[in-house]
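**Q** Data file work32.txt (compact mmCIF, C-alpha atoms and all ligand atoms) is appended below.
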# COMPACT_ATOMS: atom_id res chain seq x y z
CA MET A 134 -2.10 -11.31 22.00
CA SER A 135 -4.86 -9.65 19.96
CA LYS A 136 -8.20 -11.39 19.47
CA TYR A 137 -7.93 -10.56 15.76
CA CYS A 138 -5.18 -13.22 15.40
CA GLU A 139 -8.00 -15.77 15.56
CA VAL A 140 -9.88 -14.14 12.67
CA LYS A 141 -9.59 -16.45 9.64
CA LYS A 142 -10.37 -13.80 7.05
CA ILE A 143 -10.25 -10.05 7.67
CA THR A 144 -13.20 -8.16 6.23
CA VAL A 145 -14.04 -4.48 5.98
CA ASN A 146 -16.11 -4.88 9.17
CA HIS A 147 -13.13 -6.16 11.15
CA LEU A 148 -11.09 -3.14 10.06
CA LYS A 149 -13.81 -0.71 11.20
CA LYS A 150 -14.22 -2.64 14.49
CA MET A 151 -10.48 -2.50 15.14
CA LYS A 152 -10.66 1.28 15.34
CA LYS A 153 -13.46 1.09 17.93
CA ASP A 154 -11.48 -1.50 19.92
CA GLY A 155 -8.30 0.58 19.79
CA GLU A 156 -6.57 -2.29 17.96
CA LYS A 157 -3.93 -0.93 15.58
CA ILE A 158 -4.21 -2.06 11.96
CA ALA A 159 -0.94 -3.37 10.51
CA CYS A 160 -0.67 -3.03 6.74
CA LEU A 161 2.02 -3.61 4.11
CA THR A 162 2.24 -3.46 0.35
CA ALA A 163 2.96 -6.57 -1.71
CA TYR A 164 3.28 -7.06 -5.44
CA ASP A 165 3.63 -10.81 -6.05
CA TYR A 166 2.44 -14.24 -4.85
CA THR A 167 5.48 -15.20 -2.77
CA SER A 168 5.79 -11.96 -0.82
CA ALA A 169 2.01 -11.87 -0.28
CA LYS A 170 2.16 -15.37 1.21
CA LEU A 171 4.95 -14.26 3.55
CA VAL A 172 3.30 -11.09 4.87
CA ASP A 173 -0.01 -12.95 5.24
CA ALA A 174 1.74 -15.66 7.27
CA ALA A 175 3.37 -12.94 9.39
CA GLY A 176 -0.15 -11.77 10.23
CA VAL A 177 -0.59 -8.46 8.45
CA ASP A 178 -4.23 -7.26 8.47
CA LEU A 179 -4.35 -5.54 5.09
CA VAL A 180 -2.26 -5.83 1.94
CA LEU A 181 -2.16 -3.04 -0.64
CA VAL A 182 -1.00 -3.63 -4.18
CA GLY A 183 0.34 -0.09 -4.40
CA ASP A 184 1.14 1.84 -7.53
CA SER A 185 4.50 2.24 -5.77
CA LEU A 186 5.21 -0.95 -7.74
CA GLY A 187 6.10 1.37 -10.61
CA MET A 188 9.09 2.48 -8.56
CA VAL A 189 10.14 -0.61 -6.57
CA ILE A 190 9.29 -3.29 -9.16
CA ASN A 191 9.78 -1.44 -12.43
CA GLY A 192 12.34 1.21 -11.51
CA TYR A 193 10.38 4.17 -12.84
CA GLU A 194 11.13 7.61 -11.33
CA ASN A 195 7.55 7.99 -10.06
CA THR A 196 4.23 6.12 -9.89
CA LEU A 197 2.57 7.75 -12.89
CA TYR A 198 3.59 5.16 -15.50
CA VAL A 199 1.68 2.28 -13.90
CA THR A 200 -1.25 0.98 -15.98
CA LEU A 201 -4.55 -0.62 -15.07
CA ASP A 202 -3.45 -3.91 -16.63
CA GLU A 203 -0.28 -3.90 -14.49
CA ILE A 204 -2.22 -3.36 -11.25
CA ILE A 205 -4.62 -6.16 -12.22
CA TYR A 206 -1.71 -8.49 -13.09
CA HIS A 207 0.05 -7.91 -9.75
CA THR A 208 -3.17 -8.00 -7.70
CA LYS A 209 -4.11 -11.39 -9.17
CA ALA A 210 -0.72 -12.75 -8.11
CA VAL A 211 -1.01 -11.29 -4.59
CA LYS A 212 -4.58 -12.61 -4.25
CA ARG A 213 -3.35 -16.20 -4.70
CA GLY A 214 -0.90 -15.72 -1.84
CA LEU A 215 -3.39 -14.40 0.73
CA LYS A 216 -5.49 -16.37 3.19
CA ARG A 217 -6.28 -13.86 5.94
CA ALA A 218 -5.36 -10.32 4.95
CA PHE A 219 -7.79 -7.85 3.37
CA LEU A 220 -6.75 -7.04 -0.21
CA VAL A 221 -6.76 -3.52 -1.67
CA ALA A 222 -5.72 -2.50 -5.20
CA ASP A 223 -4.36 1.00 -5.88
CA MET A 224 -6.01 2.71 -8.85
CA PRO A 225 -3.26 4.06 -11.13
CA PHE A 226 -2.94 7.63 -12.35
CA GLY A 227 -5.26 8.27 -15.30
CA THR A 228 -7.66 5.42 -14.59
CA TYR A 229 -10.12 7.56 -12.58
CA HIS A 230 -9.24 11.02 -13.94
CA ILE A 231 -11.12 11.24 -17.26
CA SER A 232 -14.77 10.87 -16.30
CA GLU A 233 -16.79 9.25 -13.53
CA GLU A 234 -18.15 6.78 -16.07
CA GLU A 235 -14.70 5.64 -17.10
CA ALA A 236 -13.53 5.60 -13.49
CA ILE A 237 -16.41 3.34 -12.44
CA LYS A 238 -15.70 1.06 -15.42
CA ASN A 239 -12.03 0.79 -14.42
CA CYS A 240 -12.76 0.14 -10.73
CA VAL A 241 -15.33 -2.51 -11.68
CA ARG A 242 -12.70 -4.14 -13.90
CA VAL A 243 -10.16 -4.24 -11.06
CA ILE A 244 -12.65 -5.82 -8.62
CA LYS A 245 -13.98 -8.25 -11.21
CA GLU A 246 -10.65 -9.43 -12.65
CA SER A 247 -8.16 -9.17 -9.78
CA GLY A 248 -9.97 -10.47 -6.70
CA ALA A 249 -9.26 -7.28 -4.74
CA GLU A 250 -11.80 -6.55 -2.01
CA ALA A 251 -11.40 -2.78 -2.32
CA VAL A 252 -9.82 -0.08 -4.44
CA LYS A 253 -7.85 2.93 -3.25
CA LEU A 254 -7.74 6.28 -4.94
CA GLU A 255 -5.90 9.50 -4.19
CA GLY A 256 -7.84 12.68 -3.50
CA GLY A 257 -10.25 14.40 -1.12
CA LYS A 258 -13.29 16.52 -1.94
CA ASN A 259 -12.45 16.29 -5.64
CA VAL A 260 -13.11 12.52 -5.73
CA ALA A 261 -15.95 12.38 -3.18
CA SER A 262 -18.76 12.26 -5.75
CA LEU A 263 -17.02 9.41 -7.62
CA ILE A 264 -16.43 7.49 -4.39
CA LYS A 265 -20.10 7.74 -3.47
CA LYS A 266 -21.04 6.19 -6.83
CA LEU A 267 -18.55 3.35 -6.34
CA VAL A 268 -19.79 2.65 -2.81
CA ASP A 269 -23.39 2.67 -4.13
CA ARG A 270 -22.31 -0.11 -6.50
CA GLY A 271 -20.89 -2.28 -3.73
CA ILE A 272 -17.25 -1.38 -4.21
CA ASN A 273 -15.24 -0.78 -1.04
CA VAL A 274 -13.12 2.35 -1.38
CA MET A 275 -10.08 3.42 0.61
CA GLY A 276 -9.28 7.14 0.50
CA HIS A 277 -5.76 8.61 0.35
CA ILE A 278 -4.93 12.20 1.29
CA GLY A 279 -1.91 14.21 2.37
CA LEU A 280 1.16 13.55 0.25
CA MET A 281 -0.35 12.11 -2.91
CA PRO A 282 2.39 10.73 -5.18
CA GLN A 283 0.13 10.96 -8.25
CA TYR A 284 0.30 14.75 -7.81
CA VAL A 285 4.11 14.78 -7.85
CA HIS A 286 4.34 17.18 -10.80
CA SER A 287 1.72 19.67 -9.59
CA MET A 288 3.10 19.59 -6.03
CA GLY A 289 6.65 20.02 -7.33
CA GLY A 290 7.92 16.94 -5.46
CA TYR A 291 7.01 14.85 -2.45
CA LYS A 292 6.13 17.38 0.25
CA ILE A 293 4.97 16.66 3.79
CA GLN A 294 1.45 18.08 4.24
CA GLY A 295 -0.28 19.94 7.06
CA ARG A 296 2.61 22.18 8.09
CA GLU A 297 0.59 25.33 7.36
CA GLY A 298 -2.64 24.26 9.05
CA ASP A 299 -5.08 21.43 9.00
CA GLU A 300 -8.25 22.93 7.55
CA ARG A 301 -8.05 21.49 4.02
CA LEU A 302 -6.97 18.05 5.19
CA ILE A 303 -9.80 17.84 7.73
CA GLU A 304 -12.33 18.94 5.11
CA ASP A 305 -11.02 16.31 2.71
CA ALA A 306 -11.13 13.57 5.36
CA LEU A 307 -14.72 14.48 6.25
CA ALA A 308 -15.72 14.54 2.58
CA LEU A 309 -14.24 11.05 2.13
CA GLU A 310 -16.02 9.73 5.21
CA GLU A 311 -19.29 11.26 4.02
CA ALA A 312 -18.77 9.64 0.59
CA GLY A 313 -18.50 6.24 2.28
CA VAL A 314 -14.83 5.18 2.37
CA PHE A 315 -14.07 2.36 4.82
CA ALA A 316 -10.61 3.78 5.67
CA ILE A 317 -8.33 6.68 4.78
CA VAL A 318 -4.59 6.57 4.09
CA LEU A 319 -2.80 9.61 5.52
CA GLU A 320 0.54 9.89 3.76
CA GLY A 321 3.27 12.36 4.71
CA VAL A 322 1.11 14.32 7.15
CA VAL A 323 2.47 16.07 10.27
CA ALA A 324 1.63 14.03 13.37
CA GLU A 325 -0.53 16.70 15.03
CA VAL A 326 -2.85 16.88 12.02
CA SER A 327 -3.09 13.07 11.65
CA LYS A 328 -4.09 12.86 15.30
CA LYS A 329 -6.83 15.43 14.80
CA ILE A 330 -8.14 13.70 11.65
CA THR A 331 -8.09 10.32 13.42
CA GLU A 332 -10.13 11.79 16.28
CA THR A 333 -12.51 13.53 13.87
CA VAL A 334 -13.51 10.70 11.51
CA LYS A 335 -15.15 7.42 12.51
CA VAL A 336 -13.41 5.36 9.83
CA PRO A 337 -9.88 4.08 10.48
CA THR A 338 -6.92 6.18 9.37
CA ILE A 339 -3.87 4.32 8.05
CA GLY A 340 -0.69 6.34 8.29
CA ILE A 341 2.54 6.35 6.30
CA GLY A 342 4.81 9.10 7.52
CA ALA A 343 1.86 10.42 9.53
CA GLY A 344 2.85 9.79 13.14
CA LYS A 345 1.81 7.36 15.85
CA ASP A 346 -1.80 8.36 16.39
CA CYS A 347 -3.30 6.91 13.21
CA ASP A 348 -5.49 3.82 13.64
CA GLY A 349 -3.05 1.78 11.57
CA GLN A 350 0.23 1.96 9.72
CA ILE A 351 1.36 1.01 6.21
CA LEU A 352 4.80 0.83 4.64
CA VAL A 353 6.20 -0.33 1.30
CA PHE A 354 7.40 -3.98 1.34
CA HIS A 355 10.82 -3.24 -0.16
CA ASP A 356 11.44 -0.42 2.34
CA VAL A 357 10.49 -2.48 5.41
CA PHE A 358 12.72 -5.38 4.45
CA GLY A 359 15.68 -3.25 3.35
CA MET A 360 15.53 -4.16 -0.32
CA PHE A 361 15.16 -0.70 -1.85
CA ASP A 362 17.58 2.18 -1.34
CA ASP A 363 17.18 4.49 -4.37
CA PHE A 364 15.70 6.79 -1.72
CA VAL A 365 14.68 6.13 1.87
CA PRO A 366 12.06 8.50 3.26
CA LYS A 367 12.52 9.53 6.91
CA PHE A 368 9.35 7.65 7.89
CA VAL A 369 10.75 4.27 6.79
CA LYS A 370 11.90 1.84 9.46
CA ARG A 371 13.77 -1.25 8.32
CA TYR A 372 12.71 -4.47 10.07
CA ALA A 373 15.07 -6.72 8.11
CA ASP A 374 18.11 -6.41 5.88
CA VAL A 375 17.16 -8.65 2.97
CA LYS A 376 19.52 -6.77 0.65
CA SER A 377 22.55 -8.05 2.64
CA VAL A 378 21.08 -11.54 2.80
CA ILE A 379 20.72 -11.64 -0.99
CA LEU A 380 24.17 -10.08 -1.61
CA ASP A 381 25.86 -12.57 0.77
CA GLY A 382 23.96 -15.56 -0.61
CA GLY A 383 24.56 -14.35 -4.16
CA LYS A 384 28.33 -14.06 -3.61
CA LYS A 385 28.51 -17.59 -2.12
CA TYR A 386 26.54 -19.03 -5.04
CA ILE A 387 28.78 -17.33 -7.62
CA GLU A 388 31.94 -18.49 -5.84
CA GLU A 389 30.73 -22.09 -5.75
CA VAL A 390 29.75 -22.01 -9.43
CA LYS A 391 33.15 -20.52 -10.38
CA ASN A 392 35.01 -23.14 -8.27
CA GLY A 393 32.95 -26.08 -9.51
CA ILE A 394 31.62 -26.77 -6.00
CA PHE A 395 28.01 -26.32 -7.12
CA PRO A 396 26.32 -28.51 -8.22
CA SER A 397 27.64 -31.39 -6.13
CA LYS A 398 26.40 -34.98 -6.39
CA GLU A 399 23.40 -34.34 -4.16
CA HIS A 400 22.10 -31.71 -6.56
CA SER A 401 22.70 -33.87 -9.68
CA PHE A 402 20.90 -36.74 -11.42
CA PHE A 403 22.52 -40.03 -12.52
CA ARG A 404 21.50 -43.04 -14.63
CA GLY A 405 22.37 -45.70 -12.11
N1 LIG B 1 9.85 2.70 -1.99
C1 LIG B 1 8.88 3.59 -1.85
N2 LIG B 1 8.48 3.94 -0.61
C2 LIG B 1 7.50 4.85 -0.42
O1 LIG B 1 7.13 5.11 0.74
C3 LIG B 1 6.90 5.45 -1.57
C4 LIG B 1 7.35 5.05 -2.85
N3 LIG B 1 8.34 4.13 -2.96
N4 LIG B 1 6.81 5.55 -3.99
C5 LIG B 1 5.61 6.35 -3.89
C6 LIG B 1 5.65 7.20 -2.72
C7 LIG B 1 6.69 8.30 -2.76
N5 LIG B 1 6.96 8.48 -1.36
C8 LIG B 1 7.83 9.43 -0.82
C9 LIG B 1 9.01 9.73 -1.45
C10 LIG B 1 9.88 10.66 -0.91
C11 LIG B 1 9.59 11.31 0.26
C12 LIG B 1 10.54 12.30 0.79
O2 LIG B 1 11.62 12.42 0.31
N6 LIG B 1 10.15 13.05 1.80
C13 LIG B 1 11.03 13.96 2.48
C14 LIG B 1 10.25 15.01 3.21
C15 LIG B 1 10.12 16.31 2.49
C16 LIG B 1 9.40 17.35 3.36
O3 LIG B 1 9.79 17.49 4.54
O4 LIG B 1 8.45 17.99 2.86
C17 LIG B 1 11.80 13.18 3.55
O5 LIG B 1 12.87 13.65 3.93
O6 LIG B 1 11.33 12.10 3.99
C18 LIG B 1 8.39 11.00 0.89
C19 LIG B 1 7.51 10.06 0.35
C20 LIG B 1 6.23 7.54 -0.55
N7 LIG B 1 5.95 6.46 -1.49
C1 LIG B 2 2.27 3.72 0.27
C2 LIG B 2 0.89 3.40 -0.13
C3 LIG B 2 -0.13 4.10 0.69
C4 LIG B 2 0.65 3.56 -1.60
O1 LIG B 2 -0.19 4.27 -2.05
C5 LIG B 2 1.49 2.77 -2.51
O2 LIG B 2 2.27 1.89 -2.06
O3 LIG B 2 1.38 2.99 -3.72
MG MG B 3 -0.10 4.47 -4.19
Let's see the structure in the file written out as structure tokens.
Ligand SMILES: Nc1nc(=O)c2c([nH]1)NC[C@@H]1CN(c3ccc(C(=O)N[C@@H](CCC(=O)O)C(=O)O)cc3)CN21
Ligand SMILES: CC(C)C(=O)C(=O)O
Ligand SMILES: [Mg+2]
**A**
Amino acid sequence: MSKYCEVKKITVNHLKKMKKDGEKIACLTAYDYTSAKLVDAAGVDLVLVGDSLGMVINGYENTLYVTLDEIIYHTKAVKRGLKRAFLVADMPFGTYHISEEEAIKNCVRVIKESGAEAVKLEGGKNVASLIKKLVDRGINVMGHIGLMPQYVHSMGGYKIQGREGDERLIEDALALEEAGVFAIVLEGVVAEVSKKITETVKVPTIGIGAGKDCDGQILVFHDVFGMFDDFVPKFVKRYADVKSVILDGGKKYIEEVKNGIFPSKEHSFFRG
């Protein structure tokens, strides 16, 4: 068993140390109090309140509709469910795109109001100067390169990155490290390139669809537990089939209501 099981509260230092120790970092998304409590109890090291909530919670076609207030609302709920895991809030599209001043203001708001211990933003060299300013102000920042869902329109879809070489991705990873990120998400990156980035930077890399050689892995809660099937990317592995559990339980409940079996005496109140 890993020595990190004993750690009461994971901090940014533990995450950096895990890379040095060769201890893989297990991460999941969560969007509410109850699911946060469950993944924390399971022992996940890091929880991300992802802007993927726009898709799995709200049913939007992409992540671009998510607002700052929505991320704060969900992060506050997740915060109350966590004891051990490190908490990261995803900065939504548009909240760090107008000016560095506005971006800093929005990140400060997220940290101040939500209880998140870090923010994550998509981008490489183009956001390095902003990240440096955030880090200078005591805000932990997680980078995110490769397939960046907030670029869905300009990329013309969700495209795996690094097929035609690794130069740009490596430059971006180095720029993020130089700017002071404590970790970098590599999303939808070919395994060979993720391996090279992971060997090149000192900060941990957290992969999603980026192969086995990243320092950690992250997946979306609803994908891992088989609750979301509008689309299932190739990189998703299902570790439970909660959809069937809910459908089966739901059918039993409906049948018992229709047949007058529920509620029975034990679920009812009486005067005497
Ligand atoms: N439920 C959920 N899971 C996710 O992992 C996720 C979201 N939502 N929303 C935001 C982004 C979007 N993501 C996606 C969505 C689709 C593909 C996809 O269809 N990829 C193709 C590969 C295409 C190629 O080879 O270039 C695939 O077949 O997996 C990948 C990542 C990952 N993120
Ligand atoms: C999948 C992770 C990295 C993410 O950005 C999200 O859930 O929004
Ligand atoms: Mg995201």
**Q** So that each row is one residue of chain A with an atom at most 6 Å from ligand LIG 2 (chain B), can you give its shortest atom pair and the distance in Å to one decimal, using all atoms listed in the file, rows by chain and rising number, as CSV?
**A**
residue,atom,partner,partner_atom,distance
A:Thr162,CA,B:LIG2,O2,5.9
A:Gly183,CA,B:LIG2,O3,3.3
A:Asp184,CA,B:LIG2,O3,4.0
A:Ser185,CA,B:LIG2,O3,3.8
A:Leu352,CA,B:LIG2,C1,5.8
A:Val353,CA,B:LIG2,O2,5.6
**Q** How close does chain A get to ligand LIG 1 (chain B)? List, as a tab-separated table, each residue of chain A within 7 Å, its nearest atom pair and the distance in Å to one decimal, counting all atoms listed in the file.
**A**
residue	atom	partner	partner_atom	distance
A:Ser185	CA	B:LIG1	N4	4.4
A:Met188	CA	B:LIG1	N3	5.9
A:Val189	CA	B:LIG1	N1	5.7
A:Asn195	CA	B:LIG1	N4	6.6
A:Thr196	CA	B:LIG1	C5	6.2
A:Pro282	CA	B:LIG1	C6	5.4
A:Tyr291	CA	B:LIG1	C11	5.2
A:Lys292	CA	B:LIG1	O4	3.5
A:Ile293	CA	B:LIG1	O4	3.8
A:Gly321	CA	B:LIG1	C19	6.5
A:Leu352	CA	B:LIG1	O1	6.2
A:Val353	CA	B:LIG1	N2	5.2
A:His355	CA	B:LIG1	N1	6.3
A:Asp356	CA	B:LIG1	N1	5.6
A:Phe361	CA	B:LIG1	N1	6.3
A:Pro366	CA	B:LIG1	O6	3.7
A:Lys367	CA	B:LIG1	O6	4.1
A:Phe368	CA	B:LIG1	O6	6.2
**Q** Mind listing the residues within 10 Å of ligand MG 3 (chain B), only C-alpha atoms and all ligand atoms counted, as an MDAnalysis selection string?
**A** chainID A and resid 162 181:187 196:197 222:226 253:255 277 281:283 318 320 353
**Q** Could you dump the residues just selected with C-alpha atoms as an mmCIF file, in the frame of the given file?
**A**
data_model
loop_
_atom_site.group_PDB
_atom_site.id
_atom_site.type_symbol
_atom_site.label_atom_id
_atom_site.label_comp_id
_atom_site.auth_asym_id
_atom_site.auth_seq_id
_atom_site.Cartn_x
_atom_site.Cartn_y
_atom_site.Cartn_z
ATOM 1 C CA THR A 162 2.240 -3.460 0.350
ATOM 2 C CA LEU A 181 -2.160 -3.040 -0.640
ATOM 3 C CA VAL A 182 -1.000 -3.630 -4.180
ATOM 4 C CA GLY A 183 0.340 -0.090 -4.400
ATOM 5 C CA ASP A 184 1.140 1.840 -7.530
ATOM 6 C CA SER A 185 4.500 2.240 -5.770
ATOM 7 C CA LEU A 186 5.210 -0.950 -7.740
ATOM 8 C CA GLY A 187 6.100 1.370 -10.610
ATOM 9 C CA THR A 196 4.230 6.120 -9.890
ATOM 10 C CA LEU A 197 2.570 7.750 -12.890
ATOM 11 C CA ALA A 222 -5.720 -2.500 -5.200
ATOM 12 C CA ASP A 223 -4.360 1.000 -5.880
ATOM 13 C CA MET A 224 -6.010 2.710 -8.850
ATOM 14 C CA PRO A 225 -3.260 4.060 -11.130
ATOM 15 C CA PHE A 226 -2.940 7.630 -12.350
ATOM 16 C CA LYS A 253 -7.850 2.930 -3.250
ATOM 17 C CA LEU A 254 -7.740 6.280 -4.940
ATOM 18 C CA GLU A 255 -5.900 9.500 -4.190
ATOM 19 C CA HIS A 277 -5.760 8.610 0.350
ATOM 20 C CA MET A 281 -0.350 12.110 -2.910
ATOM 21 C CA PRO A 282 2.390 10.730 -5.180
ATOM 22 C CA GLN A 283 0.130 10.960 -8.250
ATOM 23 C CA VAL A 318 -4.590 6.570 4.090
ATOM 24 C CA GLU A 320 0.540 9.890 3.760
ATOM 25 C CA VAL A 353 6.200 -0.330 1.300
#
**Q** So that I can see what lies close to Ser232 of chain A, please list as a list in words the residues with an atom at most 12 Å from it, counting all atoms listed in the file and leaving out residues fewer than 4 positions away in the same chain.
**A**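 Within the cut-off, the hits are Gly227, Thr228, Ala236, Ile237, Lys238, Asn239, Val260, Ser262 and Leu263 of chain A.
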**Q** Show which residues sit within 9 Å of Val221 of chain A, as a list of chain:residue names. Count all atoms listed in the file, and ignore same-chain residues fewer than 6 positions away.
**A**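 In the requested format, the answer is A:Leu179, A:Val180, A:Leu181, A:Val182, A:Gly183, A:Thr208, A:Ala249, A:Glu250, A:Ala251, A:Val252, A:Lys253, A:Asn273, A:Val274, A:Met275.
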**Q** Counting all atoms listed in the file, note down every residue that has an atom within 6 Å of the point (-8.3, -10.5, -12.1) (file coordinates), as a PyMOL selection string.
**A** chain A and resi 205+209+246-248
**Q** In Å, how far is it from atom CA of Gly256 of chain A to atom CA of Ala210 of chain A?
**A** 26.8 Å
**Q** For Ile264 of chain A, list every protein, DNA or RNA residue within 8 Å, evaluated using all atoms listed in the file, and leave out those in the same chain fewer than 5 positions away; present the list as a list in words.
**A** Val274, Leu309, Ala312, Gly313 and Val314 of chain A
**Q** Can you tell me which residues surround Lys329 of chain A at a distance of at most 10 Å, considering all atoms listed in the file, apart from same-chain residues fewer than 6 positions away, and format the answer as JSON, numbers by chain?
**A** {"A": [299, 302, 303, 346, 347]}
**Q** List as a list of chain:residue names the protein and nucleic acid residues near Cys138 of chain A, meaning an atom at most 10 Å away when only C-alpha atoms are counted, but skip any in the same chain fewer than 4 places from it.
**A**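 Once the nearby chain positions are removed, what remains is A:Met134, A:Lys142, A:Ile143, A:Gly176, A:Val177, A:Asp178, A:Arg217.
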**Q** Measuring between all atoms listed in the file, which one of A:Arg296, A:Arg213, A:Arg242, A:Lys391 shows the shortest distance to Leu201 of chain A?
**A** A:Arg242
